Amino acid sequence: MNEGLLVILLLFLPLVKFVVNRLFIGKKWPVLSGYLATLILIITTLLSVVLAWQYYFEYGKINGTYALFIPIDEPWLSFSNSLSINFTILVDALSVMMVLVVNIVSLMVHIFSLAYMKGEDRYGYYYAYLGLFTFAMLGLVLSGNIFELFIFWELVGISSYLLIGFYYTKPEAVAAAKKAFIVTRFADFGFLIGILLLGSLSNQFDIVQMVGSLTSQQTLTQGAGTSFIGLSALTWACLLLFMGAAGKSAMFPLHIWLPDAMEGPTPVSALIHAATMVVAGVFLIARFFPIFQLDGTVLTIVGIVGAFTAFFAAIIACTQTDIKRVLAFSTISQIGYMMLALGVDDNILNPHLGYTAALFHLFTHAFFKSLLFLCAGAIIHAVHTNNMLEMGGLRKLLPVTHIGFLVGCLAIAGVPPFSGFFSKEAILFAAYQQHKWLYAVALITAFITSFYMFRLYFSIFWNKPVKNEHAHEGNWLIKLPLLILIALVIVTGFIPFGNFVSANGKPLLLPMHIGFSVIPVLLALLGIGYAAILYFKESNVPASLENSFGLVYSTVKHKFYIDELYQFITHKIIFNGIGNASAWIDKQVIDKLVNVSAGLTFSFSIAIKKLQSGKVQQYLLIFIVGILCLFVLFLV
Amino acid sequence: MPEVLQKILWLSTALFFIGVYGMLTRRNMLAILMSLELMLNSVNINFVAFNKYLHPEKLDGIFFFLFIVTIAAAEAAVAIAIIIHLYRYHKNIDVGETEEFKY
């Protein structure tokens, strides 16, 4: 099959599914729409596997380097000869990898939801929104024009909004949806300015040409010439792009929306808020990586923000008791790892190791985190609570979920031979070569990660004796995706990822030194052991530890009061201070102006109304007097 | 200017202002209409007089006179029809009493 047709089918089938489900069959035949959606996802997943196979093994490699292909480049909005926005589809190693990930995870979530969302109100619409999301995410990763990318970026945001607020009768869900939308919109504002800056620096919006023209020497000096607050325009553009990426990927301090987004249905959290949408920020930076490399400062900032977020979110995750929130913070932490890896990419010692490591972690993380979330979904489905303190001893009742969760936890902790180990090693190695400090932070975070993940694992599956005897695992629709994902988590680590995705298209061997791996693995095992001591059996040690830490513990438990800080800033400062002041100006100055001018017009019209008496003879008299006046005037 | 023409102009001016005066002071619509006719006819006199004394070889003024007489007749017919209708509704043709026209 010709590649353009294949990509078009791949991209637009989910959109068709969205339209059909939302408009035609979603309400009347919800079950049918669910199965139809899953069928379409099976087709697109097969297509994406075909695409990946053809790209990686048949035509993609030219002279040992993975090349760029632009199967579709249609003019879409032509404003003028110099400014036109094309609908471009860009097929390269990065986008093919992302398409594969998005489709596989989306398919798993579709299958899982068939059972999980059964009997739910608006079941058909749920599938419609999943279709919209899949379409938007595929468009995002395939788009070859930066405006097109931005449009898909916003579409992803709106489908995330719709799905977080799916239980729209719950006020928390509505608030969480709004919060997610507003926080990411705020970041997208920066992203848009960054796009315009890049566009004005390079005079085009086509990503490939833009990167090409910006990396050529001539524009570089030109762009560096104009500066604002000590930084060149190019640096600003990169920083603003990173701001958009940080909003979508929940980097500190824009991370506040992601834990609240867990109010959505759990499979949605697996798809959008763990595997695909939240890594769009990492994807964005990877897509514009050559531009970021022009200026080391931005990459350093990316690395520091990533490392800090990884550490910060891991600490918070240790104190949360809602299992989905723990997973949300671990997602934030893992995306921090990816950002860290991008930030420590360097050209000299080990060319583009960080880039490949980040995308490898994105790849493996998508599978093990969606596995963890789907397991959490299965657990919540069985015991009807999110609170980990109310669970315990579930290993007998939920055997498949138990294995899945364990595999996921081992993978995220970085225990070999699970996939997380390989990607985390690559990140740690890249960090070790570039910044020893960031390496240290990443190492400590790895320890904390394994601790909190196994805290969760032991609390759910061991700890107390079973409370809810009737809890049972769902049917095969629940188990099948878990089993597939378990297999993927075990297998994906062994993929020689550097052969497929690298910054310059040339194969890159990810380094793997036994000596280097010892420390992280030991730390991970230490974390597991520590968690086992505290949580394997029910005891009051954790509670007494919590008490002995007192203030520190409650600060962490309240997520360092970041939400409260935002609340304070928005309500007390922005709403009360600036908002009230501008409301006063609006009422007292602007409204007054309007009212006064209206009042003047009114009283003037009252005054001249008397002229219109309706007495014809009076009019006539005025007319004649006027004529006489004119007559006299012309005569003199 | 011939002396006769000047006299005729005095006549038409007097006629015109008599019409204006009547139009402004009368309350009865028929009287106003008659004043209007006076004004029209003063103009007619002007046309005919100018034609006869200044350009006797042409007929333009006379044609204008004929036109104005015709239009005045038509206009009088319309006006009287309106006045009769008004009378049927109001039993009154005083202009001061017809102020609701303005609404």
# chains A, B, ... in the order shown; residues from 1 in each chain; ligands from 1

$ interface_residues --of "chain A" --to "chain B" --cutoff "10 Å" --atoms "only C-alpha atoms" --output "list in words"
Gln612, Ser613, Gly614, Lys615, Val616, Gln617, Gln618, Tyr619, Leu620, Leu621 and Ile624 of chain A

$ write_last_selection --atoms "N, CA and C atoms" --output "PDB file, in the first residue's frame"
ATOM      1  N   GLN A 612     -40.454  69.004  17.286  1.00  0.00           N
ATOM      2  CA  GLN A 612     -41.310  68.120  16.489  1.00  0.00           C
ATOM      3  C   GLN A 612     -42.705  68.090  17.098  1.00  0.00           C
ATOM      4  N   SER A 613     -43.446  69.159  16.876  1.00  0.00           N
ATOM      5  CA  SER A 613     -44.730  69.264  17.568  1.00  0.00           C
ATOM      6  C   SER A 613     -45.847  68.592  16.798  1.00  0.00           C
ATOM      7  N   GLY A 614     -45.642  68.377  15.489  1.00  0.00           N
ATOM      8  CA  GLY A 614     -46.720  67.841  14.684  1.00  0.00           C
ATOM      9  C   GLY A 614     -47.629  68.935  14.135  1.00  0.00           C
ATOM     10  N   LYS A 615     -47.335  70.162  14.491  1.00  0.00           N
ATOM     11  CA  LYS A 615     -48.161  71.265  13.959  1.00  0.00           C
ATOM     12  C   LYS A 615     -47.549  71.721  12.640  1.00  0.00           C
ATOM     13  N   VAL A 616     -48.300  71.432  11.561  1.00  0.00           N
ATOM     14  CA  VAL A 616     -47.751  71.670  10.237  1.00  0.00           C
ATOM     15  C   VAL A 616     -47.457  73.141  10.023  1.00  0.00           C
ATOM     16  N   GLN A 617     -48.303  73.933  10.584  1.00  0.00           N
ATOM     17  CA  GLN A 617     -48.133  75.369  10.329  1.00  0.00           C
ATOM     18  C   GLN A 617     -46.898  75.915  11.013  1.00  0.00           C
ATOM     19  N   GLN A 618     -46.582  75.305  12.168  1.00  0.00           N
ATOM     20  CA  GLN A 618     -45.361  75.729  12.839  1.00  0.00           C
ATOM     21  C   GLN A 618     -44.143  75.395  11.982  1.00  0.00           C
ATOM     22  N   TYR A 619     -44.151  74.163  11.424  1.00  0.00           N
ATOM     23  CA  TYR A 619     -43.060  73.774  10.533  1.00  0.00           C
ATOM     24  C   TYR A 619     -42.934  74.754   9.384  1.00  0.00           C
ATOM     25  N   LEU A 620     -44.090  75.069   8.851  1.00  0.00           N
ATOM     26  CA  LEU A 620     -44.118  75.931   7.683  1.00  0.00           C
ATOM     27  C   LEU A 620     -43.548  77.296   8.009  1.00  0.00           C
ATOM     28  N   LEU A 621     -43.916  77.785   9.203  1.00  0.00           N
ATOM     29  CA  LEU A 621     -43.419  79.090   9.623  1.00  0.00           C
ATOM     30  C   LEU A 621     -41.895  79.071   9.703  1.00  0.00           C
ATOM     31  N   ILE A 624     -40.454  79.019   6.255  1.00  0.00           N
ATOM     32  CA  ILE A 624     -40.507  80.291   5.533  1.00  0.00           C
ATOM     33  C   ILE A 624     -39.508  81.281   6.110  1.00  0.00           C
TER      34      ILE A 624
END

$ residues_around --residues "Thr297 in chain A" --least-positions-apart "4" --cutoff "10 Å" --atoms "only C-alpha atoms" --output "number ranges by chain"
A: 231, 235, 238-239, 292-293, 301-303, 343

$ residues_around --residues "Phe329 in chain A" --least-positions-apart "3" --cutoff "6 Å" --atoms "only C-alpha atoms" --output "compact mmCIF listing (two decimals) with C-alpha atoms, in the first residue's frame"
# COMPACT_ATOMS: atom_id res chain seq x y z
CA ALA A 313 6.91 14.52 42.41
CA ALA A 317 4.04 10.33 45.73
CA VAL A 326 0.32 8.08 43.44
CA ILE A 332 5.06 13.48 36.57

$ closest_residue --among "A:Leu485, A:Ala307, A:Ala270, A:Val105" --to "Ala376 in chain A" --atoms "only C-alpha atoms"
A:Ala270

$ closest_atom_pairs --of "range 177-275 of chain A" --to "range 122-126 of chain A" --cutoff "12 Å" --atoms "only C-alpha atoms" --output "Markdown table"
| residue | atom | partner | partner_atom | distance |
| --- | --- | --- | --- | --- |
| A:Gly264 | CA | A:Tyr126 | CA | 11.0 |
| A:Pro265 | CA | A:Tyr126 | CA | 9.6 |
| A:Pro267 | CA | A:Tyr126 | CA | 10.8 |
| A:Val268 | CA | A:Tyr126 | CA | 9.5 |

$ write_last_selection --atoms "N, CA and C atoms" --output "PDB file, in the first residue's frame"
ATOM      1  N   GLY A 264     -11.080  11.710  36.083  1.00  0.00           N
ATOM      2  CA  GLY A 264     -11.656  11.087  34.894  1.00  0.00           C
ATOM      3  C   GLY A 264     -11.704   9.575  35.059  1.00  0.00           C
ATOM      4  N   PRO A 265     -12.362   8.880  34.122  1.00  0.00           N
ATOM      5  CA  PRO A 265     -12.363   7.426  34.171  1.00  0.00           C
ATOM      6  C   PRO A 265     -10.930   6.883  34.112  1.00  0.00           C
ATOM      7  N   PRO A 267      -9.373   4.253  32.657  1.00  0.00           N
ATOM      8  CA  PRO A 267      -8.719   3.967  31.371  1.00  0.00           C
ATOM      9  C   PRO A 267      -8.277   5.234  30.660  1.00  0.00           C
ATOM     10  N   VAL A 268      -9.038   6.312  30.852  1.00  0.00           N
ATOM     11  CA  VAL A 268      -8.646   7.587  30.254  1.00  0.00           C
ATOM     12  C   VAL A 268      -7.341   8.060  30.855  1.00  0.00           C
TER      13      VAL A 268
END

$ atom_distance --atom1 "CA of Lys178 in chain A" --atom2 "CA of Gly579 in chain A"
19.5 Å

$ closest_residue --among "B:Ser12, B:Asn92, B:Thr70, B:Asn28" --to "Phe50 in chain B" --atoms "only C-alpha atoms"
B:Ser12

$ residues_around --residues "Val282 in chain A" --least-positions-apart "6" --cutoff "8 Å" --atoms "only C-alpha atoms" --output "number ranges by chain"
A: 245, 249, 335, 338-339, 358-359

$ select_by_dssp --residues "range 92-136 of chain A" --states "alpha helix (DSSP H)" --output "mmCIF file with C-alpha atoms, in the first residue's frame"
data_model
loop_
_atom_site.group_PDB
_atom_site.id
_atom_site.type_symbol
_atom_site.label_atom_id
_atom_site.label_comp_id
_atom_site.auth_asym_id
_atom_site.auth_seq_id
_atom_site.Cartn_x
_atom_site.Cartn_y
_atom_site.Cartn_z
ATOM 1 C CA ALA A 93 11.607 7.651 12.958
ATOM 2 C CA LEU A 94 10.190 9.743 15.802
ATOM 3 C CA SER A 95 6.669 10.073 14.460
ATOM 4 C CA VAL A 96 6.437 6.433 13.422
ATOM 5 C CA MET A 97 7.486 5.373 16.913
ATOM 6 C CA MET A 98 4.902 7.685 18.472
ATOM 7 C CA VAL A 99 2.152 6.472 16.129
ATOM 8 C CA LEU A 100 2.881 2.931 17.181
ATOM 9 C CA VAL A 101 2.780 3.781 20.887
ATOM 10 C CA VAL A 102 -0.398 5.837 20.631
ATOM 11 C CA ASN A 103 -2.228 3.189 18.673
ATOM 12 C CA ILE A 104 -1.220 0.259 20.834
ATOM 13 C CA VAL A 105 -2.029 1.970 24.126
ATOM 14 C CA SER A 106 -5.237 3.366 22.705
ATOM 15 C CA LEU A 107 -6.289 -0.078 21.535
ATOM 16 C CA MET A 108 -5.598 -1.569 24.963
ATOM 17 C CA VAL A 109 -7.644 1.163 26.584
ATOM 18 C CA HIS A 110 -10.469 0.637 24.110
ATOM 19 C CA ILE A 111 -10.636 -3.063 24.883
ATOM 20 C CA PHE A 112 -10.337 -2.493 28.619
ATOM 21 C CA SER A 113 -13.078 0.137 28.596
ATOM 22 C CA LEU A 114 -15.527 -2.250 26.949
ATOM 23 C CA ALA A 115 -15.789 -3.968 30.310
ATOM 24 C CA TYR A 116 -14.764 -1.159 32.625
ATOM 25 C CA TYR A 123 -20.954 5.041 27.020
ATOM 26 C CA GLY A 124 -21.137 5.810 23.306
ATOM 27 C CA TYR A 125 -19.927 9.355 23.796
ATOM 28 C CA TYR A 126 -17.041 8.054 25.847
ATOM 29 C CA TYR A 127 -15.869 6.115 22.815
ATOM 30 C CA ALA A 128 -16.487 9.090 20.610
ATOM 31 C CA TYR A 129 -14.191 11.229 22.758
ATOM 32 C CA LEU A 130 -11.567 8.497 22.824
ATOM 33 C CA GLY A 131 -11.713 8.577 19.028
ATOM 34 C CA LEU A 132 -11.295 12.337 18.989
ATOM 35 C CA PHE A 133 -8.327 12.010 21.284
ATOM 36 C CA THR A 134 -6.700 9.299 19.192
ATOM 37 C CA PHE A 135 -7.177 11.367 16.045
ATOM 38 C CA ALA A 136 -5.734 14.467 17.678
#

$ residues_around --residues "range 152-154 of chain A" --least-positions-apart "5" --cutoff "8 Å" --atoms "only C-alpha atoms" --output "number ranges by chain"
A: 136-137, 139-140

$ write_last_selection --atoms "N, CA and C atoms" --output "compact mmCIF listing (two decimals), in the first residue's frame"
# COMPACT_ATOMS: atom_id res chain seq x y z
N ALA A 136 -6.53 13.27 17.40
CA ALA A 136 -5.73 14.47 17.68
C ALA A 136 -4.30 14.10 17.99
N MET A 137 -4.13 13.03 18.75
CA MET A 137 -2.77 12.66 19.14
C MET A 137 -1.98 12.18 17.93
N GLY A 139 -2.55 13.09 14.88
CA GLY A 139 -2.26 14.28 14.10
C GLY A 139 -1.10 15.06 14.68
N LEU A 140 -1.07 15.12 16.01
CA LEU A 140 0.01 15.86 16.67
C LEU A 140 1.37 15.26 16.34

$ closest_residue --among "A:Val279, A:Phe87, A:Phe205, A:Val49" --to "Val156 in chain A" --atoms "only C-alpha atoms"
A:Val279

$ residues_around --residues "Tyr553 in chain A" --least-positions-apart "2" --cutoff "12 Å" --atoms "only C-alpha atoms" --output "VMD selection string"
chain A and resid 315 to 320 542 to 551 555 to 561

$ residues_around --residues "Ile62 in chain B" --least-positions-apart "3" --cutoff "7 Å" --atoms "only C-alpha atoms" --output "ChimeraX atom specification"
/B:47-48,59,65-66

$ write_last_selection --atoms "N, CA and C atoms" --output "compact mmCIF listing (two decimals), in the first residue's frame"
# COMPACT_ATOMS: atom_id res chain seq x y z
N PHE B 47 -44.80 83.13 -14.40
CA PHE B 47 -44.40 82.40 -15.61
C PHE B 47 -44.94 83.07 -16.86
N VAL B 48 -46.24 83.30 -16.86
CA VAL B 48 -46.89 83.83 -18.06
C VAL B 48 -46.36 85.23 -18.38
N LEU B 59 -42.59 79.50 -25.89
CA LEU B 59 -43.84 79.13 -25.23
C LEU B 59 -43.60 78.42 -23.90
N PHE B 65 -47.08 76.92 -17.06
CA PHE B 65 -48.35 77.32 -16.45
C PHE B 65 -49.36 76.19 -16.57
N LEU B 66 -49.44 75.60 -17.81
CA LEU B 66 -50.41 74.52 -18.01
C LEU B 66 -50.10 73.34 -17.10

$ atom_distance --atom1 "CA of Ile323 in chain A" --atom2 "CA of Glu263 in chain A"
11.9 Å
